[in-house]
Every structure is written in C-alpha cells, then in structure tokens.
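Content type mmCIF, C-alpha atoms, from the file my_file-v2.cif:
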data_upload
loop_
_atom_site.label_atom_id
_atom_site.label_comp_id
_atom_site.auth_asym_id
_atom_site.auth_seq_id
_atom_site.Cartn_x
_atom_site.Cartn_y
_atom_site.Cartn_z
CA MET M 25 250.98 -48.61 -36.51
CA ARG M 26 254.13 -48.91 -38.54
CA GLY M 27 253.14 -52.29 -39.92
CA ARG M 28 249.66 -51.15 -40.94
CA SER M 29 250.96 -48.06 -42.75
CA TYR M 30 253.52 -50.25 -44.54
CA ARG M 31 250.97 -52.67 -46.08
CA GLY M 32 248.21 -50.23 -46.96
CA PRO M 33 249.66 -48.63 -50.13
CA TYR M 34 250.48 -52.03 -51.61
CA LEU M 35 246.93 -53.31 -51.19
CA ILE M 36 245.50 -50.23 -52.82
CA GLY M 37 247.84 -50.69 -55.79
CA ILE M 38 246.96 -54.35 -56.30
CA VAL M 39 243.24 -53.59 -56.26
CA ALA M 40 243.74 -50.81 -58.78
CA VAL M 41 245.75 -53.02 -61.17
CA ALA M 42 243.20 -55.82 -60.92
CA ALA M 43 240.37 -53.41 -61.66
CA GLY M 44 242.24 -52.05 -64.67
CA LEU M 45 242.89 -55.50 -66.11
CA SER M 46 239.26 -56.45 -65.63
CA SER M 47 238.10 -53.37 -67.48
CA CYS M 48 240.50 -54.03 -70.39
CA ASP M 49 239.53 -57.72 -70.95
CA SER M 50 235.79 -57.54 -70.40
CA GLY M 51 235.03 -57.14 -74.12
CA SER M 52 237.38 -59.79 -75.62
CA ASN M 53 236.26 -62.65 -73.34
CA SER M 54 232.53 -62.46 -74.13
CA TYR M 55 231.04 -65.59 -75.98
CA VAL M 56 230.16 -65.18 -79.66
CA PRO M 57 228.19 -68.13 -81.19
CA PRO M 58 229.49 -69.55 -84.55
CA PRO M 59 227.53 -68.76 -87.71
CA PRO M 60 225.07 -71.40 -89.02
CA PRO M 61 226.73 -73.99 -91.27
CA LYS M 62 226.39 -73.58 -95.01
CA VAL M 63 224.57 -76.25 -97.01
CA ASN M 64 223.48 -76.60 -100.63
CA ILE M 65 219.79 -77.28 -101.13
CA ALA M 66 217.83 -78.15 -104.25
CA GLN M 67 214.31 -79.12 -105.19
CA PRO M 68 213.76 -82.66 -106.48
CA LEU M 69 214.09 -83.22 -110.20
CA GLN M 70 210.76 -84.19 -111.73
CA GLN M 71 210.91 -86.11 -114.99
CA PRO M 72 209.67 -89.32 -116.66
CA VAL M 73 211.52 -92.49 -115.75
CA ILE M 74 211.31 -96.12 -116.77
CA GLU M 75 210.92 -98.47 -113.82
CA TYR M 76 213.06 -101.60 -113.92
CA PHE M 77 213.35 -104.90 -112.15
CA GLU M 78 216.98 -105.39 -111.18
CA LEU M 79 217.64 -109.11 -110.85
CA THR M 80 220.47 -111.64 -111.03
CA GLY M 81 220.92 -114.41 -113.53
CA ASN M 82 223.34 -116.62 -115.42
CA THR M 83 224.45 -116.76 -119.02
CA ASP M 84 224.17 -119.94 -121.03
CA ALA M 85 225.19 -121.04 -124.51
CA ILE M 86 222.44 -120.85 -127.09
CA SER M 87 223.70 -124.20 -128.43
CA ALA M 88 226.19 -126.70 -127.02
CA VAL M 89 226.57 -130.00 -128.89
CA ASP M 90 228.87 -132.96 -128.44
CA ILE M 91 230.84 -133.78 -131.60
CA GLU M 92 230.71 -137.57 -132.02
CA ALA M 93 232.12 -140.18 -134.35
CA ARG M 94 229.11 -141.88 -135.94
CA VAL M 95 231.02 -144.56 -137.87
CA GLN M 96 233.73 -147.01 -136.87
CA GLY M 97 237.32 -146.44 -137.88
CA PHE M 98 240.69 -145.06 -136.91
CA LEU M 99 240.93 -141.31 -136.32
CA GLU M 100 243.19 -140.01 -139.09
CA SER M 101 243.22 -136.23 -138.54
CA ILE M 102 242.28 -133.39 -136.21
CA ASP M 103 241.62 -130.40 -138.46
CA TYR M 104 241.17 -127.56 -135.98
CA LYS M 105 243.06 -125.96 -133.12
CA ASP M 106 241.61 -126.50 -129.65
CA GLY M 107 239.51 -123.58 -128.46
CA THR M 108 239.27 -121.79 -131.80
CA ALA M 109 236.14 -120.44 -133.48
CA VAL M 110 234.89 -122.35 -136.52
CA LYS M 111 232.21 -121.85 -139.15
CA LYS M 112 229.35 -124.15 -139.99
CA GLY M 113 230.61 -126.94 -142.28
CA ASP M 114 234.29 -126.64 -141.31
CA LYS M 115 236.00 -130.03 -141.08
CA LEU M 116 236.97 -130.90 -137.51
CA PHE M 117 238.01 -134.58 -137.61
CA GLY M 118 238.83 -137.15 -140.28
CA ILE M 119 238.05 -140.87 -139.83
CA GLN M 120 239.47 -143.72 -141.93
CA ARG M 121 237.72 -143.54 -145.33
CA ASP M 122 238.94 -146.50 -147.40
CA THR M 123 236.44 -149.03 -146.06
CA TYR M 124 233.50 -146.74 -146.65
CA LYS M 125 234.76 -145.67 -150.07
CA ALA M 126 234.90 -149.36 -151.04
CA GLN M 127 231.32 -149.80 -149.81
CA VAL M 128 230.24 -146.91 -152.03
CA ASP M 129 231.98 -148.50 -155.04
CA GLN M 130 230.33 -151.82 -154.25
CA ALA M 131 226.90 -150.22 -154.01
CA GLN M 132 227.44 -148.39 -157.30
CA ALA M 133 228.36 -151.66 -159.01
CA GLN M 134 225.29 -153.35 -157.56
CA LEU M 135 223.13 -150.52 -158.83
CA ALA M 136 224.65 -150.78 -162.32
CA SER M 137 223.98 -154.53 -162.32
CA GLN M 138 220.35 -154.04 -161.34
CA GLN M 139 219.94 -151.35 -163.96
CA ALA M 140 221.22 -153.77 -166.63
CA SER M 141 218.80 -156.45 -165.42
CA GLN M 142 216.00 -153.92 -165.54
CA VAL M 143 216.81 -153.13 -169.19
CA GLY M 144 216.59 -156.84 -170.13
CA ALA M 145 213.37 -157.27 -168.18
CA LYS M 146 211.85 -154.24 -169.91
CA GLN M 147 212.78 -155.57 -173.35
CA GLU M 148 211.29 -158.98 -172.60
CA TYR M 149 208.10 -157.41 -171.32
CA ASP M 150 207.75 -155.26 -174.44
CA ARG M 151 208.36 -158.32 -176.64
CA GLN M 152 205.69 -160.31 -174.85
CA LEU M 153 203.22 -157.47 -175.31
CA ASN M 154 203.83 -157.43 -179.08
CA LEU M 155 203.43 -161.19 -179.26
CA MET M 156 200.21 -160.91 -177.30
CA LYS M 157 198.86 -158.46 -179.83
CA GLN M 158 199.72 -161.00 -182.58
CA GLU M 159 198.05 -163.74 -180.54
CA VAL M 160 201.28 -165.71 -180.60
CA THR M 161 201.86 -165.86 -176.82
CA THR M 162 199.69 -166.33 -173.77
CA GLN M 163 198.62 -163.92 -171.07
CA THR M 164 200.59 -165.98 -168.58
CA SER M 165 203.83 -165.20 -170.41
CA VAL M 166 203.01 -161.49 -170.43
CA ASP M 167 202.23 -161.53 -166.73
CA SER M 168 205.47 -163.35 -165.98
CA ALA M 169 207.49 -160.79 -167.96
CA LYS M 170 205.70 -157.98 -166.13
CA ALA M 171 206.56 -159.52 -162.74
CA THR M 172 210.19 -159.86 -163.76
CA LEU M 173 210.26 -156.21 -164.76
CA ASP M 174 208.69 -155.14 -161.46
CA GLU M 175 211.29 -157.15 -159.55
CA ALA M 176 214.04 -155.44 -161.54
CA ASN M 177 212.60 -152.00 -160.75
CA ALA M 178 212.41 -152.88 -157.06
CA ALA M 179 215.98 -154.15 -157.13
CA ILE M 180 217.10 -150.82 -158.57
CA LEU M 181 215.38 -148.95 -155.74
CA ASN M 182 217.06 -151.21 -153.19
CA ALA M 183 220.45 -150.78 -154.84
CA GLN M 184 219.99 -147.02 -154.95
CA ALA M 185 219.11 -146.99 -151.22
CA SER M 186 222.24 -149.04 -150.48
CA LEU M 187 224.32 -146.56 -152.46
CA ASP M 188 222.76 -143.63 -150.60
CA LEU M 189 223.47 -145.29 -147.25
CA ALA M 190 227.06 -145.98 -148.27
CA ASN M 191 227.51 -142.34 -149.27
CA ILE M 192 226.05 -141.21 -145.92
CA ASN M 193 228.48 -143.40 -144.00
CA LEU M 194 231.32 -142.13 -146.17
CA GLY M 195 230.25 -138.57 -145.33
CA TYR M 196 230.38 -139.39 -141.64
CA THR M 197 234.12 -140.02 -141.96
CA GLU M 198 234.51 -136.22 -142.18
CA VAL M 199 233.19 -134.72 -138.95
CA VAL M 200 232.15 -131.10 -139.59
CA ALA M 201 230.87 -128.24 -137.43
CA PRO M 202 227.04 -128.21 -137.28
CA PHE M 203 226.98 -124.44 -136.67
CA ASP M 204 229.23 -121.45 -136.03
CA GLY M 205 230.86 -121.73 -132.63
CA THR M 206 233.93 -122.49 -130.55
CA VAL M 207 235.24 -126.06 -130.26
CA THR M 208 236.68 -127.38 -127.02
CA ASP M 209 239.86 -129.42 -126.75
CA HIS M 210 239.83 -132.80 -128.52
CA LEU M 211 239.15 -135.85 -126.37
CA VAL M 212 240.57 -138.52 -128.73
CA ASP M 213 244.00 -138.55 -130.34
CA VAL M 214 244.95 -139.43 -133.91
CA GLY M 215 245.25 -143.19 -134.36
CA ALA M 216 242.58 -144.11 -131.83
CA LEU M 217 239.78 -146.46 -132.88
CA VAL M 218 236.43 -144.68 -132.59
CA GLY M 219 232.79 -145.64 -132.99
CA VAL M 220 233.36 -149.30 -132.08
CA SER M 221 230.41 -149.93 -129.76
CA GLY M 222 228.54 -146.70 -130.49
CA PRO M 223 229.15 -142.98 -131.04
CA THR M 224 232.45 -141.74 -129.57
CA LYS M 225 232.59 -138.20 -128.16
CA LEU M 226 235.39 -136.30 -129.84
CA ALA M 227 234.85 -132.72 -128.56
CA THR M 228 232.10 -130.17 -127.87
CA ILE M 229 231.13 -127.15 -129.93
CA VAL M 230 229.57 -124.15 -128.17
CA GLN M 231 227.68 -121.29 -129.81
CA THR M 232 228.17 -118.06 -127.87
CA ASP M 233 226.73 -115.44 -130.24
CA PRO M 234 224.05 -114.70 -129.36
CA LEU M 235 223.93 -115.86 -125.75
CA TYR M 236 221.08 -116.87 -123.46
CA VAL M 237 220.59 -115.29 -120.04
CA TYR M 238 218.34 -117.08 -117.54
CA PHE M 239 216.83 -115.41 -114.49
CA ASN M 240 213.87 -115.84 -112.16
CA VAL M 241 211.07 -113.41 -111.35
CA SER M 242 209.32 -113.70 -107.99
CA GLU M 243 205.60 -114.31 -107.71
CA ALA M 244 205.06 -110.79 -106.33
CA GLN M 245 206.91 -109.31 -109.31
CA VAL M 246 204.84 -111.40 -111.72
CA LEU M 247 201.64 -110.05 -110.20
CA MET M 248 203.04 -106.50 -110.36
CA ILE M 249 203.80 -106.90 -114.06
CA LYS M 250 200.34 -108.28 -114.79
CA GLN M 251 198.75 -105.41 -112.88
CA SER M 252 200.82 -102.85 -114.77
CA LEU M 253 199.93 -104.42 -118.11
CA ALA M 254 196.26 -104.54 -117.18
CA LYS M 255 196.25 -100.81 -116.36
CA ALA M 256 197.81 -100.08 -119.74
CA GLY M 257 195.30 -102.34 -121.50
CA HIS M 258 197.93 -104.81 -122.68
CA LYS M 259 198.40 -108.55 -122.37
CA LEU M 260 201.83 -110.13 -122.59
CA THR M 261 202.07 -112.90 -125.20
CA GLN M 262 204.93 -114.91 -126.66
CA VAL M 263 204.76 -112.77 -129.80
CA ASP M 264 205.41 -109.61 -127.75
CA LEU M 265 208.57 -110.90 -126.03
CA PRO M 266 211.08 -109.73 -128.69
CA THR M 267 209.80 -106.17 -128.17
CA ILE M 268 210.78 -106.16 -124.47
CA PRO M 269 214.46 -105.23 -123.96
CA VAL M 270 216.72 -106.91 -121.43
CA GLU M 271 220.11 -105.58 -120.31
CA ILE M 272 222.86 -107.31 -118.36
CA GLY M 273 226.14 -106.32 -116.72
CA LEU M 274 229.04 -108.27 -115.25
CA GLY M 275 230.18 -107.87 -111.68
CA ASN M 276 233.14 -105.69 -112.69
CA GLU M 277 231.19 -103.49 -115.13
CA GLU M 278 229.33 -100.23 -114.60
CA GLY M 279 225.68 -100.28 -115.51
CA TYR M 280 224.23 -102.70 -118.04
CA PRO M 281 226.26 -102.46 -121.25
CA HIS M 282 225.07 -105.69 -122.93
CA LYS M 283 221.72 -105.44 -124.72
CA GLY M 284 219.18 -107.97 -125.91
CA HIS M 285 215.51 -108.89 -125.65
CA LEU M 286 213.27 -111.40 -123.93
CA ASP M 287 212.87 -114.76 -125.63
CA TYR M 288 210.91 -117.07 -123.35
CA VAL M 289 208.73 -116.98 -120.25
CA ALA M 290 207.75 -120.19 -118.48
CA PRO M 291 204.01 -120.94 -118.67
CA GLN M 292 203.71 -121.48 -114.92
CA VAL M 293 205.21 -120.45 -111.59
CA ASP M 294 207.41 -123.04 -109.89
CA ALA M 295 205.48 -123.89 -106.73
CA SER M 296 208.62 -125.06 -104.92
CA THR M 297 210.46 -121.75 -105.35
CA GLY M 298 207.63 -119.30 -106.02
CA THR M 299 209.44 -117.96 -109.09
CA LEU M 300 208.87 -117.77 -112.81
CA SER M 301 211.72 -118.71 -115.14
CA VAL M 302 212.53 -116.15 -117.84
CA ARG M 303 215.06 -116.24 -120.66
CA GLY M 304 216.58 -113.47 -122.76
CA ILE M 305 218.86 -113.36 -125.80
CA ILE M 306 221.92 -111.08 -125.61
CA ASP M 307 224.08 -109.94 -128.53
CA ASN M 308 227.65 -111.16 -128.07
CA LYS M 309 229.42 -110.35 -131.32
CA ASP M 310 232.61 -109.33 -129.52
CA HIS M 311 232.48 -112.54 -127.43
CA ALA M 312 232.94 -110.53 -124.24
CA LEU M 313 230.49 -112.84 -122.46
CA LEU M 314 230.97 -116.51 -121.68
CA PRO M 315 228.39 -119.16 -120.81
CA GLY M 316 227.94 -119.74 -117.09
CA LEU M 317 228.72 -116.21 -115.89
CA PHE M 318 226.85 -114.61 -112.98
CA VAL M 319 225.31 -111.35 -114.25
CA ARG M 320 223.11 -108.48 -113.14
CA VAL M 321 219.89 -108.26 -115.14
CA ARG M 322 217.64 -105.25 -115.75
CA VAL M 323 214.21 -105.47 -117.37
CA PRO M 324 211.77 -102.53 -117.83
CA VAL M 325 208.38 -103.10 -116.23
CA ALA M 326 206.59 -99.73 -116.16
CA HIS M 327 206.81 -96.06 -117.11
CA LYS M 328 206.29 -93.24 -114.62
CA ASP M 329 205.54 -89.80 -116.08
CA LYS M 330 206.37 -87.62 -113.05
CA ALA M 331 208.97 -89.23 -110.85
CA LEU M 332 210.90 -87.28 -108.21
CA LEU M 333 214.68 -87.75 -108.15
CA ILE M 334 217.43 -86.46 -105.88
CA ARG M 335 221.12 -87.19 -105.63
CA ASP M 336 221.72 -90.65 -104.26
CA ASP M 337 224.44 -89.45 -101.87
CA ALA M 338 221.96 -87.03 -100.25
CA ILE M 339 220.04 -89.98 -98.77
CA GLY M 340 220.93 -91.10 -95.27
CA THR M 341 220.17 -94.35 -93.44
CA ASN M 342 219.44 -95.08 -89.80
CA GLN M 343 217.69 -97.79 -87.82
CA GLN M 344 214.29 -96.56 -89.00
CA GLY M 345 215.28 -96.70 -92.67
CA ASN M 346 216.14 -94.09 -95.29
CA TYR M 347 215.79 -90.36 -94.76
CA VAL M 348 216.66 -86.99 -96.26
CA LEU M 349 217.32 -83.60 -94.66
CA VAL M 350 214.80 -80.95 -95.71
CA LEU M 351 214.95 -77.19 -95.13
CA GLY M 352 212.06 -76.19 -92.86
CA LYS M 353 210.70 -72.94 -91.46
CA ASP M 354 213.27 -70.31 -90.47
CA ASP M 355 216.03 -72.29 -92.21
CA VAL M 356 215.85 -75.07 -89.63
CA ILE M 357 216.72 -78.58 -90.79
CA GLU M 358 214.08 -81.33 -90.67
CA GLN M 359 214.75 -85.05 -91.00
CA ARG M 360 212.21 -86.65 -93.36
CA PRO M 361 211.80 -90.46 -93.75
CA VAL M 362 211.53 -91.50 -97.39
CA LYS M 363 210.79 -94.56 -99.47
CA ILE M 364 213.39 -94.90 -102.20
CA GLY M 365 213.04 -96.42 -105.64
CA GLN M 366 215.52 -97.39 -108.32
CA ARG M 367 218.78 -95.63 -109.04
CA ASP M 368 219.11 -93.68 -112.28
CA GLY M 369 222.68 -92.58 -112.92
CA THR M 370 223.80 -90.60 -109.87
CA MET M 371 220.17 -89.96 -108.94
CA ARG M 372 217.66 -91.96 -106.93
CA VAL M 373 213.90 -92.08 -107.37
CA ILE M 374 211.98 -91.10 -104.22
CA GLU M 375 208.66 -92.94 -104.04
CA GLN M 376 207.31 -91.30 -100.86
CA GLY M 377 208.35 -88.69 -98.30
CA ILE M 378 208.99 -85.47 -100.22
CA ASP M 379 207.15 -83.19 -102.61
CA VAL M 380 208.33 -81.40 -105.72
CA GLY M 381 208.46 -78.09 -103.83
CA ASP M 382 210.63 -79.30 -100.93
CA TRP M 383 214.19 -78.06 -100.58
CA VAL M 384 216.44 -81.02 -99.88
CA VAL M 385 220.00 -80.76 -98.54
CA MET M 386 222.27 -82.04 -101.32
CA THR M 387 225.73 -81.24 -99.97
CA GLY M 388 226.94 -80.44 -96.48
CA THR M 389 224.77 -83.11 -94.89
CA GLN M 390 227.56 -83.89 -92.43
CA ARG M 391 227.24 -80.34 -91.08
CA ALA M 392 223.44 -80.27 -91.03
CA VAL M 393 221.76 -81.62 -87.92
CA PRO M 394 218.00 -81.92 -87.45
CA ASN M 395 216.49 -78.91 -85.61
CA MET M 396 219.62 -76.87 -86.38
CA LYS M 397 219.53 -73.55 -88.22
CA VAL M 398 221.65 -73.43 -91.38
CA THR M 399 222.71 -71.00 -94.08
CA PRO M 400 221.21 -72.45 -97.28
CA GLU M 401 222.52 -71.92 -100.79
CA LYS M 402 220.08 -72.93 -103.49
CA ILE M 403 221.19 -74.98 -106.48
CA THR M 404 219.32 -76.69 -109.32
CA ILE M 405 219.71 -80.26 -110.46
CA ASP M 406 220.33 -80.78 -114.14
CA ALA M 407 218.67 -83.73 -115.86
CA ALA M 408 222.12 -84.85 -116.98
CA GLN M 409 222.68 -86.22 -113.49
CA ALA M 410 220.05 -88.85 -114.15
CA THR M 411 222.34 -90.28 -116.82
CA GLY M 412 225.36 -90.45 -114.57
CA ASP M 413 226.84 -87.00 -115.38
CA PRO M 414 228.29 -85.67 -112.08
CA SER M 415 228.47 -82.13 -113.45
CA GLY M 416 224.71 -81.65 -113.43
CA SER M 417 224.40 -79.28 -110.44
CA LYS M 418 224.29 -75.56 -111.07
CA VAL M 419 224.22 -72.75 -108.52
CA GLN M 420 221.30 -70.35 -108.94
#
Take the structure from the file and write it as structure tokens.
Amino acid sequence: MRGRSYRGPYLIGIVAVAAGLSSCDSGSNSYVPPPPPKVNIAQPLQQPVIEYFELTGNTDAISAVDIEARVQGFLESIDYKDGTAVKKGDKLFGIQRDTYKAQVDQAQAQLASQQASQVGAKQEYDRQLNLMKQEVTTQTSVDSAKATLDEANAAILNAQASLDLANINLGYTEVVAPFDGTVTDHLVDVGALVGVSGPTKLATIVQTDPLYVYFNVSEAQVLMIKQSLAKAGHKLTQVDLPTIPVEIGLGNEEGYPHKGHLDYVAPQVDASTGTLSVRGIIDNKDHALLPGLFVRVRVPVAHKDKALLIRDDAIGTNQQGNYVLVLGKDDVIEQRPVKIGQRDGTMRVIEQGIDVGDWVVMTGTQRAVPNMKVTPEKITIDAAQATGDPSGSKVQ
C-alpha cells in the first residue's frame, strides 16, 4: 500500500505534462505544402522570316598565278618585299637586259637596212614604168622591178616582226605583277641563272579581294530549292546568281559578317557524292579572310510570312527529340514535342508542335515539371530578340 500510494501522484503528473505538450504543438507540426513554382510564360512571336541553308565551305583565291621567268638570263634584282601587296604592273623581278637590248638594236638596224632597200626598189620600179610608157623598156624589165619592190616590202615586214619580237623579249626581262594581289616569298636569289631550259618559277601572286567561297549543296536541298522556286514561279539561271546573297563566318566569329553573292552553280549533281558544287564571291577589302579557310556559309532559300519563334533556351531535348513546356488547363505544365527550324538571333523557329495562342514557358523551366501546377507570369517577346537583342522580353 505504501509503494502504490508513492508512485501514483508521479504518474498522474507525467500524463498531464505529456497531454499539455501535445496540445501546445499540435498546430505547428501540421504539413503545409509549398506554393507552386513561378515561371514566365509567353506566346510565340509570329513574324516573317527568311529561311536559310546553313552549310560549310572553304575560301579560295579568285586568282593565283605562278610568276615565271620567260627569258634566259641572270636574275639582277628582286623589286618587292616578300608577302607584300602589289598593284598590277608593279615590277617584281629584273633579269639581265644587255643581251636583249642588243637584239633590239640589231633588229632596228636590220629594219632600217630593209627600208633603204625598199626605197631603191620603189625608185627603180617607178623608173621602169616611165620607160614603159615611152616604149623604151620591155614589160619583162617592169615585172622584174615590181618583183624586187615586193621582196623589199616583204623584207620590211619580216624585219619589223623581228624588231617586235626583240622588244617583247626585252620586256620579259622586267617581270611585273599581272594583277593586284599579294606576292609570296621569292624562290630564286639574285645572281641565279633563270629560264635556261624553260620558264623558271620565281614566286606566286595571289588575289584575295574579292575571294571565292566553295560549298556543296545536297541533292535533297537542290530539290527543295527547285520546288520553292517553282511555287514562286521563278527559274534559277546563271544571270540571276548575282542577285542571290551569300554570307560566311569564321569559326571564331559570331553570325555571318562577311557578305557576297553567288557566282557559279555546277550544271550537274556529282553522282559519287550526291552534291552540287556552288561558288560565291565575298568582298574582302580589309583582307580579313585568307584562301583555304574553313567557313560557315548561309544562303537564303525561301521566305515564310508567318513563322512562329520562341527563345532558343526555352527548348529542351530528350531521347525523343526536342520539346517545350506549355501551360495547360488549371496552370498545369504540359510537355509538347516540337520540330525546330533555323535560329534567328536568340530565337528559334518552331516548324511544328505549338500554335500562336499557346503559352510557352520561357524562364524557370528547371522548376517546371510536366503535370505540375505552377504560378505563371505572362511576358511578351519583343521582335528585337530575333536580331540577337537579349533585352527583348517585357513583363505585361
């Protein structure tokens, strides 16, 4: 009895304290779900766009010619600095001239001699004609004088041709630039004998303004272009090529800063590769481009009046392809597969998968999960984003 009465009050107190603690904490320990995540949504931008083929190609010099010694002689001078730009007609090399100058003098003397002979032959012929009129000489003498005069005239023509040839060879002793361009390093030193057994290569001159760009178009792309032209009622001809722009960019450049136009399209598809060779001409006045560079090429192929564009970073990718997150009924996120087109600034053309009235998640995609309810905040996309301006989003 004493032990039971000793423990009873303590048990009652413990139960009372426990009950009191339970009643105090019942409200603070209840679960409260977090609010839906906030996302920015916008409707696709609808505007006209130009569709492009984005390809790869290589630059090439519009002209590249070996500078050669066309006459024999010792190289007397190198009149340019290796790797410098020159103008058409600038002297590049000098070859020994004295031999060829002597040949010119010799040909001039020969011409003067033949001209003197021609004067004597003409006088004799005129004299024989007068005697013939006086019936003092015979027709045979007149004919002989005429033949002598004709031989003298022919000799003058031959002497003149020899003089012209001597002057040409003398001109070859000064090797000049055939066009504006840049000359490579010289391959022969001063004092070397050149042109002994044939033309001797002295250097190479390269014209880099403008510059060619070569690229290939696949057979499928060729058919697409023809179909697009047929719908527009046009037919591509060689005359139309200069009206078609072409743009290129280097690997370390943004966009396509170098402009030009098409120049040549091969008349047939290469059966071994299934491609069509195309060439463009690019302005290169600042000589920023060099022949042989790998470049990105962009050529317009069609015009779309009502294209849908969204921000490129709003597009996700999974094993099934590309997708976007779209706001559905009751602010629940839906995942929508899409077919994407070309990029335009910070925007991307959407070929299939969304409509102009859909609300697409633009920011906060990492917090938006399909079938999850969100708190949307509507924004509008400014057309400036299609030109690469990142400040084109505005909150409604």
Which residues come within 9 Å of stretch 123-134 of chain M, counting only C-alpha atoms, excluding same-chain residues fewer than 6 positions away, as a list in words?
Gly97, Ile180, Ala183, Gln184, Ala185, Ser186, Leu187, Asp188, Leu189, Ala190, Asn191, Asn193, Leu194, Gly195 and Thr197 of chain M
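Put simply, atom CA of M:Val218 is 21.7 Å away from atom CA of M:Gly107.
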Any chance you could tabulate, as CSV, the residues of stretch 314-342 of chain M at most 8 Å from stretch 365-376 of chain M with each one's nearest atom pair and distance in Å to one decimal, using only C-alpha atoms, in chain and rising number order?
residue,atom,partner,partner_atom,distance
M:Ala331,CA,M:Val373,CA,6.7
M:Leu332,CA,M:Ile374,CA,5.6
M:Leu333,CA,M:Val373,CA,4.5
M:Ile334,CA,M:Met371,CA,5.4
M:Arg335,CA,M:Met371,CA,4.4
M:Asp336,CA,M:Met371,CA,5.0
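Coordinates place atom CA of M:Asp329 at a distance of 8.6 Å from atom CA of M:Ile74.
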Report as a CSV table (one decimal) with C-alpha atoms, keeping the file's coordinate frame the full result of the PyMOL selection byres ((chain M and resi 315) around 9) when it is applied to this structure.
chain,number,residue,atom,x,y,z
M,82,ASN,CA,223.3,-116.6,-115.4
M,83,THR,CA,224.4,-116.8,-119.0
M,84,ASP,CA,224.2,-119.9,-121.0
M,85,ALA,CA,225.2,-121.0,-124.5
M,86,ILE,CA,222.4,-120.8,-127.1
M,230,VAL,CA,229.6,-124.2,-128.2
M,232,THR,CA,228.2,-118.1,-127.9
M,235,LEU,CA,223.9,-115.9,-125.8
M,236,TYR,CA,221.1,-116.9,-123.5
M,237,VAL,CA,220.6,-115.3,-120.0
M,313,LEU,CA,230.5,-112.8,-122.5
M,314,LEU,CA,231.0,-116.5,-121.7
M,316,GLY,CA,227.9,-119.7,-117.1
M,317,LEU,CA,228.7,-116.2,-115.9
So that I can see what lies close to stretch 137-149 of chain M, please list as number ranges by chain the residues with an atom at most 8 Å from it, counting all atoms listed in the file and leaving out residues fewer than 5 positions away in the same chain.
M: 166, 169-170, 172-173, 176-177, 179-180, 183
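Candidate residues M:Leu135, M:Gly81, M:Val385, M:Glu100 were compared for distance to M:Leu274, and the nearest is M:Gly81, using only C-alpha atoms.
Here the question is which of M:Gly205, M:Pro58, M:Gly215, M:Gly340 gets nearest to M:Phe117 using all atoms listed in the file, and that residue is M:Gly215.
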Show which residues sit within 8 Å of M:Ser252, as a ChimeraX atom specification. Count all atoms listed in the file, and ignore same-chain residues fewer than 3 positions away.
/M:248-249,255-256,325-326
So that I have them on file, write out the residues from the current selection with C-alpha atoms, as a PDB file, in the frame of the given file.
ATOM      1  CA  MET M 248     203.040-106.500-110.360  1.00  0.00           C
ATOM      2  CA  ILE M 249     203.800-106.900-114.060  1.00  0.00           C
ATOM      3  CA  LYS M 255     196.250-100.810-116.360  1.00  0.00           C
ATOM      4  CA  ALA M 256     197.810-100.080-119.740  1.00  0.00           C
ATOM      5  CA  VAL M 325     208.380-103.100-116.230  1.00  0.00           C
ATOM      6  CA  ALA M 326     206.590 -99.730-116.160  1.00  0.00           C
TER       7      ALA M 326
END
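Of the residues listed (M:Val200, M:Val319, M:Leu99, M:Ala338), M:Leu99 shows the shortest atom-to-atom separation from M:Gly219; distances use all atoms listed in the file.
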